[in-house]
There are 2 protein chains.
Amino acid sequence: MKKYNFSPGPAILPQVVFEEASAAVKEFAGTGFSILEISHRSAAFKEIMDEGEALIKEILHLNDDYEVLFLTGGASSQFYMSAMNLLAKDKTAAYLDTGTWSTKAIKEAKLFGNIDVVASSKDSNFNYIPKDYQLQGDTSYLHLTSNNTIFGTQIHSWPDVDVPLVCDMSSDIFSRKLPIEKFGMIYAGAQKNTGPAGVTLVVIRKDMLGKVEREIPTMLDYQTHITKKSAFNTPPVFPIYVSVLNLRWLKAHGGIEEMQKTNERKALRLYDAIDQSAYFIGTAAKEDRSMMNVCFLMNDPSREAEFLAAATEAGCESIKGHRSVGGFRASIYNAMPEEGVETLINVINNFS
Amino acid sequence: MKKYNFSPGPAILPQVVFEEASAAVKEFAGTGFSILEISHRSAAFKEIMDEGEALIKEILHLNDDYEVLFLTGGASSQFYMSAMNLLAKDKTAAYLDTGTWSTKAIKEAKLFGNIDVVASSKDSNFNYIPKDYQLQGDTSYLHLTSNNTIFGTQIHSWPDVDVPLVCDMSSDIFSRKLPIEKFGMIYAGAQKNTGPAGVTLVVIRKDMLGKVEREIPTMLDYQTHITKKSAFNTPPVFPIYVSVLNLRWLKAHGGIEEMQKTNERKALRLYDAIDQSAYFIGTAAKEDRSMMNVCFLMNDPSREAEFLAAATEAGCESIKGHRSVGGFRASIYNAMPEEGVETLINVINNFS
């Protein structure tokens with residue numbers, strides 16, 4: 001039986017990526033060596049780094065004002081690095097608090113400047129995206145979490161503000177078109193739509209830099225990695241390689257334009273099934289529902305084990321909800337095939 | 001023809017590790033899923049993390065005073081994290097300057113406290129390990145680089161000091177026995193004897209912590225990763241997995257005790273061939289020669305291309321020396337088989 005991985009991350013990637021990655025672990029690009037032993041300064045791997053940067057620029061429609069970096073440490077490291085690099089001590093950064101990851105980003109940023117939490121949906125367990133808020137006059141940037149993996153909400157309407165957006169897109173980058181000119185910085189842990197765990201993507205507009213006075217350790221300074229093209233020290237070779245394989249797949253399948261269409265079709269069909277069932281209820285406000293993480297509860301929580309067993313029997317794995325929300329969560333990233341979503345929909349429709 | 005990878009890092013790993021890693025990229029531990037899509041919180045992967053920690057404790061003979069962490073960012077990140085976490089602002093850390101990496105470690109540590117460079121071999125292009133130096137009275141720890149990949153030197157006699165050693169062992173950890181009680185902290189980028197690029201090993205004795213007052217971002221605080229057993233955020237799943245495969249191999253082959261014997265045999269035979277040849281000369285002081293990175297020059301540098309071609313023809317790859325030293329460098333980590341070294345020795349012996 002085919003099994004489908006609905007895990008929130010690390011998450012499903014295309015089967016062809018696994019096959020190509022597996023082959024490269026045996027031998028990489030006709031070198032006679034494994035990708036795991038190849039020098040990060042070899043011509044063959046430099047080509048991969050360059051290709052990755054070019055693919056990201058092409059897929060996200062970035063112009064030359066933007067730099068693309070392959071770092072490590074996850075989005076959790078960008079929570080402090082973004083403020084450390086972008087926020088002067090006497091300036092303010094605005095933060096929209098839409099869930100666990102926003103809350104963590106706010107905590108870390110407070111070490112570096114004034115943090116203005118302009119709105120929060122915490123009082124309703126983060127089940128919606130706040131939309132009415134004002135920025136203070138001295139605001140340097142507005143920080144957003146575009147998709148809230150745990151709570152199943154997503155920003156569908158980008159705020160109309162006159163400061164750049166700094167955005168944690170860990171769980172929905174490469175899933176949809178973006179008004180890229182609004183963004184001063186985008187960061188993302190790879191392990192959803194980008195690649196496997198172990199690499200962190202940072203996209204930064206060059207005019208965001210050079211505005212802080214503080215001393216920054218070399219490895220934490222974005223300028224270091226811009227100057228050295230993400231190879232100041234040994235980068236995470238294999239996670240970058242697999243990300244490039246995945247981005248090749250993404251481009252070959254129509255880029256973010258096609259991904260968005262498929263993702264919306266998958267998500268809307270799944271939400272429809274939930275809405276039409278007498279047994280389930282979606283947790284997020286309808287207008288803020290995530291196209292990536294579909295969170296739903298049972299009207300009768302005592303039947304959760306029964307539903308989980310039925311889903312597992314049908315091949316739908318890792319649909320248990322996060323403990324902060326309970327119930328179920330189906331993560332349906334780019335690589336989740338439509339038949340995976342159909343399989344889960346059938347389980348929902350057949351539940352009685 | 002069999003090719004041997006003499007690269008300084010990322011570096012050769014055992015063939016069986018590549019085969020097992022390749023298989024796990026297709027399917028991991030009978031889960032039906034690739035290791036690249038598996039949750040870092042799954043039972044199957046938690047077992048790998050626990051096994052990795054246990055293997056490192058066993059192989060390095062660590063008692064329960066020590067914690068083992070799997071981090072990211074390379075040794076380059078430990079240059080500042082070690083001082084940030086261990087060195088109070090008004091205290092002194094002593095540093096032995098034995099090469100490029102020591103010099104970088106010194107630069108980053110200066111952001112956090114008083115740095116006393118107790119000795120340096122810079123004036124002779126780092127071709128030896130300084131041995132006569134005194135520590136100041138308020139010294140918190142002595143920082144060493146145990147093996148200098150670029151210059152081919154290695155500390156063979158650990159200093160007799162009354163402060164803990166903090167040691168960058170990126171290029172010789174797991175290669176030899178250690179008087180572990182001398183060490184307060186050991187760190188190592190994985191990509192030599194531990195595993196592939198993308199994970200950084202930190203071994204820390206608990207009494208080293210809790211001595212600084214400064215505010216530390218959550219992700220940079222060793223205590224975070226101790227408390228969360230290296231899973232505060234998503235760890236680099238695959239690089240950790242491959243490291244565990246490699247550590248299993250290492251244990252099955254007799255641990256560091258057997259590695260040390262084989263490494264010394266390999267290195268001494270290679271140095272002998274260099275010393276006995278009329279065409280080559282070792283660059284490092286004899287008593288400080290590295291058992292991992294064998295650096296040598298030609299008496300007639302105009303014949304370097306000729307020797308490189310002969311080595312390549314024999315299957316010896318990546319033996320070009322670092323630009324700081326020139327000539328040649330053969331990196332012969334644990335996984336370099338004796339026949340690889342013999343092959344290179346034959347090229348040296350047959351050169352005329």
# chains A, B, ... in the order shown; residues from 1 in each chain; ligands from 1
>>> select_by_dssp(residues="segment 39-188 of chain B", states="helix (DSSP H, G or I)", output="PyMOL selection string")
chain B and resi 43-60+74-86+100-109+122-124+180-182
>>> select_by_dssp(residues="segment 137-336 of chain B", states="strand (DSSP E)", output="NGL selection string")
:B and (139-145 or 147-148 or 153-154 or 165-168 or 183-189 or 200-205 or 280-282 or 293-298 or 316-317 or 328-331)
>>> residues_around(residues="Asn5 of chain B", least_positions_apart="3", cutoff="8 Å", atoms="only C-alpha atoms", output="JSON, numbers by chain")
{"A": [33, 37], "B": [11, 12, 316, 317, 318, 336]}
>>> residues_around(residues="Pro196 of chain B", least_positions_apart="5", cutoff="7 Å", atoms="only C-alpha atoms", output="VMD selection string")
(chain A and resid 36 to 37) or (chain B and resid 10 190 to 191 239 242 to 243)
>>> residues_around(residues="Ser175 of chain B", least_positions_apart="5", cutoff="7 Å", atoms="only C-alpha atoms", output="ChimeraX atom specification")
/B:256,259-260,334
>>> write_last_selection(atoms="C-alpha atoms", output="short mmCIF file (atom, residue, chain, number, x, y, z; two decimals), in the first residue's frame")
data_model
loop_
_atom_site.label_atom_id
_atom_site.label_comp_id
_atom_site.auth_asym_id
_atom_site.auth_seq_id
_atom_site.Cartn_x
_atom_site.Cartn_y
_atom_site.Cartn_z
CA ILE B 256 39.83 5.23 18.96
CA MET B 259 42.09 4.00 14.94
CA GLN B 260 45.13 5.51 16.62
CA ASN B 334 40.28 7.24 9.86
#
>>> atom_distance(atom1="atom CA of Lys2 of chain B", atom2="atom CA of Asn350 of chain B")
18.8 Å
